[in-house]
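**Student:** Here you go, one structure.
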Number of protein chains: 2
Amino acid sequence: MQQQDLSRGEMPHTARAEARRAQVLEAALACFREHGFHGASIARICKASGMSPGHIYHYFRNKEEIIAAIVEQDVARILDFHDRMRSTDDLAGTMRECVAEGVRDTLDAGASALKLEILAEAARNPSIAKLVQAADRRLRTSLIETLRSVGVTRDDDEMDECVDTLCAMFDGLMTRGVRNPDLDVAAVTRRYQERVLELLGIAP
Amino acid sequence: MQQQDLSRGEMPHTARAEARRAQVLEAALACFREHGFHGASIARICKASGMSPGHIYHYFRNKEEIIAAIVEQDVARILDFHDRMRSTDDLAGTMRECVAEGVRDTLDAGASALKLEILAEAARNPSIAKLVQAADRRLRTSLIETLRSVGVTRDDDEMDECVDTLCAMFDGLMTRGVRNPDLDVAAVTRRYQERVLELLGIAP
DNA sequence: CACTCTAGTTCGAACGCTCATTCTATGTTA
DNA sequence: TAACATAGAATGAGCGTTCGAACTAGAGTG
């Protein structure tokens, strides 16, 4: 919540606005995780961000625009994984790390709730659907490029299938975490590490 | 929406109540699919079922109880798949059929939206969580019994892993359908049929 | 330096609406 | 008459969003 001293005013107002936007986003993310899309009312986001509703609407046209910004952040986080894989010299090791982190992230209840809700919303609300689908395309493309660049060789169709499988594995895990909270995380992690390496044909 | 003529009244009132409950459930299911958990207001369900709110609350304590009944129906539908597998004499063929139907069901946008929303709700609302988790346990147990009865031999741990994988495959497919509506359904079906048979070690 | 003027920031009340639920009243049946 | 079935208005809370006013800070002017 710490931020630069804005009161001196020599900061161009676009940057000040940027900081306020970020402040809203941070609060909104916390609220969405805890209470869900519909449960996270503007009033709650106001309380969490210490701003008035009027002020929030000064920076976002509506609630949907807040969601869009959050999806964007999520995409950025995953793209970061890809970067890490591209620039390692211990591919199998990094892959294991990323899978382990991915499994942990995926099984976090708050995050799952939010992602599931966004997906549900996407299945019904076309403008959210566009958002989610665009994000998916970007992530798949990036993942394919990444895999090729680390030496995974597959023809286009096989590569698509491969990536689809990877995505489905993690999305499936997310829902399993909700349906079965007694899941043995360590075992799942090991299983997923092995399967991913095997699927991609990377020597352990 | 057709129903027996109840006005004659020679039907014992528990059965009459049963019919009304079913009528509400049918309407509620349609509303939930179309508008989601939060979007399907009691008012909408009233309109869809042709009943007044007071009347609906005569048969259900609250909205949550309606959801519980719907989850129950869903469980019943899947248990039916298991029955079909138990009582076939062409195991591989029936398995292919079930997978194909399962894939089709899973990729139905309305159904996905609802399931995703229930999962999201479960990740946050403990009483829905209990419901979903109990359903999952019942389904997993039934699936394990079914698989053993059709001749799949695995020790307990392996069997658990197998069933978890199956569940994750279909849940993952559900979210993929939302994220990527351009999915090639026929290709996915073929892929899933092969993988399931291979996973279970059933000769094609 | 004191003074408006202007433009952005911020607030919080208010709006109109919809929600889940309850209440009261009226049919209907036995 | 007693019990149940059904309707629909009423309740009170909460929603997303809008609005008008107050505050702030800098620029221009005398």
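In the structure tokens, each chain is lettered A, B, ... as it comes, each chain's residues begin at 1, and ligands are numbered from 1 in order of appearance.
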Leaving out segment 15-22 of chain C and any residue of its chain fewer than 3 positions from it, which residues lie within 9 Å of it when counting only C-alpha atoms (C1' of nucleotides), given as a count of residues only?

**Tutor:** 15

**Student:** Can you check which residues of chain B have any atom within 9 Å of chain A? Use only C-alpha atoms and format it as a PyMOL selection string.

**Tutor:** chain B and resi 33-36+38+109-110+112-124+129+132-137+164-165+167-176+178-181

**Student:** Mind giving me the straight-line distance from atom CA of Met95 of chain B to atom CA of Gln193 of chain B in Å, one decimal?

**Tutor:**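 Rounded to one decimal, the two atoms are 7.7 Å apart.
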
**Student:** Between atom CA of Ile66 of chain B and atom CA of Leu25 of chain B, what distance in Å does the model show, to one decimal?

**Tutor:**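 About the pair atom CA of Ile66 of chain B and atom CA of Leu25 of chain B: they are 6.9 Å apart.
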
**Student:** By least-squares superposition of chain B on chain A, using all C-alpha atoms in order, what RMSD in Å to one decimal is obtained?

**Tutor:**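 The fitted C-alpha deviation between chain A and chain B is 0.3 Å.
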
**Student:** With only C-alpha atoms (C1' of nucleotides) considered, list every residue of chain D at most 9 Å from chain B, as a count of residues only.

**Tutor:** 5

**Student:** What are the closest atom pairs, with distances in Å to one decimal, for all residues of chain C lying within 9 Å of chain A? Consider only C-alpha atoms (C1' of nucleotides), order rows by chain and residue number, and present the result as JSON lines.

**Tutor:**
```
{"residue": "C:DG8", "atom": "C1'", "partner": "A:His13", "partner_atom": "CA", "distance": 8.7}
{"residue": "C:DT9", "atom": "C1'", "partner": "A:His55", "partner_atom": "CA", "distance": 8.0}
{"residue": "C:DT10", "atom": "C1'", "partner": "A:His55", "partner_atom": "CA", "distance": 6.1}
{"residue": "C:DC11", "atom": "C1'", "partner": "A:Ser52", "partner_atom": "CA", "distance": 6.2}
{"residue": "C:DG12", "atom": "C1'", "partner": "A:Ser52", "partner_atom": "CA", "distance": 7.2}
```

**Student:** Keeping C-alpha atoms (C1' of nucleotides) for every residue in the selection just given, could you write it to a file as a JSON list (two decimals), in the first residue's frame?

**Tutor:**
```json
[["chain", "number", "residue", "atom", "x", "y", "z"],
["C", 8, "DG", "C1'", -8.30, 18.02, -11.38],
["C", 9, "DT", "C1'", -9.19, 15.11, -7.16],
["C", 10, "DT", "C1'", -11.97, 13.35, -3.87],
["C", 11, "DC", "C1'", -16.01, 12.65, -1.18],
["C", 12, "DG", "C1'", -20.35, 10.78, 0.24]]
```

**Student:** Could you pull out the helix (DSSP H, G or I) residues of segment 10-182 of chain B, going by DSSP on the backbone, and write them as a ChimeraX atom specification?

**Tutor:** /B:13-39,42-49,53-59,63-86,91-107,109-122,126-149,156-179

**Student:** Which value, in Å to one decimal, gives the distance between atom CA of Thr141 of chain B and atom CA of Ile78 of chain B?

**Tutor:**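 We find that atom CA of Thr141 of chain B and atom CA of Ile78 of chain B lie 12.3 Å from each other.
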
**Student:** If you count only C-alpha atoms (C1' of nucleotides), which residues fall within 7 Å of Arg86 of chain A, apart from same-chain ones fewer than 5 positions away, as a count of residues only?

**Tutor:** 3

**Student:** Can you pull out the residues contacting Thr189 of chain B? Cut-off 10 Å, using only C-alpha atoms (C1' of nucleotides), and skip same-chain residues under 6 positions away; I want them as a PyMOL selection string.

**Tutor:** chain B and resi 96-97+99-104+195

**Student:** How about saving the chosen residues, N, CA and C atoms kept, as an mmCIF file, in the first residue's frame?

**Tutor:**
```
data_model
loop_
_atom_site.group_PDB
_atom_site.id
_atom_site.type_symbol
_atom_site.label_atom_id
_atom_site.label_comp_id
_atom_site.auth_asym_id
_atom_site.auth_seq_id
_atom_site.Cartn_x
_atom_site.Cartn_y
_atom_site.Cartn_z
ATOM 1 N N ARG B 96 -16.273 -46.019 -25.109
ATOM 2 C CA ARG B 96 -16.151 -44.981 -26.141
ATOM 3 C C ARG B 96 -17.402 -44.115 -26.184
ATOM 4 N N GLU B 97 -18.547 -44.764 -26.154
ATOM 5 C CA GLU B 97 -19.809 -44.014 -26.164
ATOM 6 C C GLU B 97 -19.881 -43.042 -24.987
ATOM 7 N N VAL B 99 -17.498 -41.823 -23.151
ATOM 8 C CA VAL B 99 -16.529 -40.732 -23.275
ATOM 9 C C VAL B 99 -17.037 -39.681 -24.252
ATOM 10 N N ALA B 100 -17.561 -40.162 -25.395
ATOM 11 C CA ALA B 100 -18.057 -39.222 -26.402
ATOM 12 C C ALA B 100 -19.179 -38.365 -25.829
ATOM 13 N N GLU B 101 -20.112 -39.019 -25.136
ATOM 14 C CA GLU B 101 -21.202 -38.267 -24.508
ATOM 15 C C GLU B 101 -20.673 -37.318 -23.449
ATOM 16 N N GLY B 102 -19.722 -37.826 -22.680
ATOM 17 C CA GLY B 102 -19.130 -37.001 -21.628
ATOM 18 C C GLY B 102 -18.468 -35.765 -22.208
ATOM 19 N N VAL B 103 -17.728 -35.944 -23.295
ATOM 20 C CA VAL B 103 -17.070 -34.802 -23.936
ATOM 21 C C VAL B 103 -18.119 -33.806 -24.423
ATOM 22 N N ARG B 104 -19.158 -34.317 -25.050
ATOM 23 C CA ARG B 104 -20.201 -33.425 -25.555
ATOM 24 C C ARG B 104 -20.845 -32.653 -24.403
ATOM 25 N N ARG B 195 -7.153 -42.138 -24.881
ATOM 26 C CA ARG B 195 -6.447 -42.000 -23.606
ATOM 27 C C ARG B 195 -7.124 -42.739 -22.483
#
```
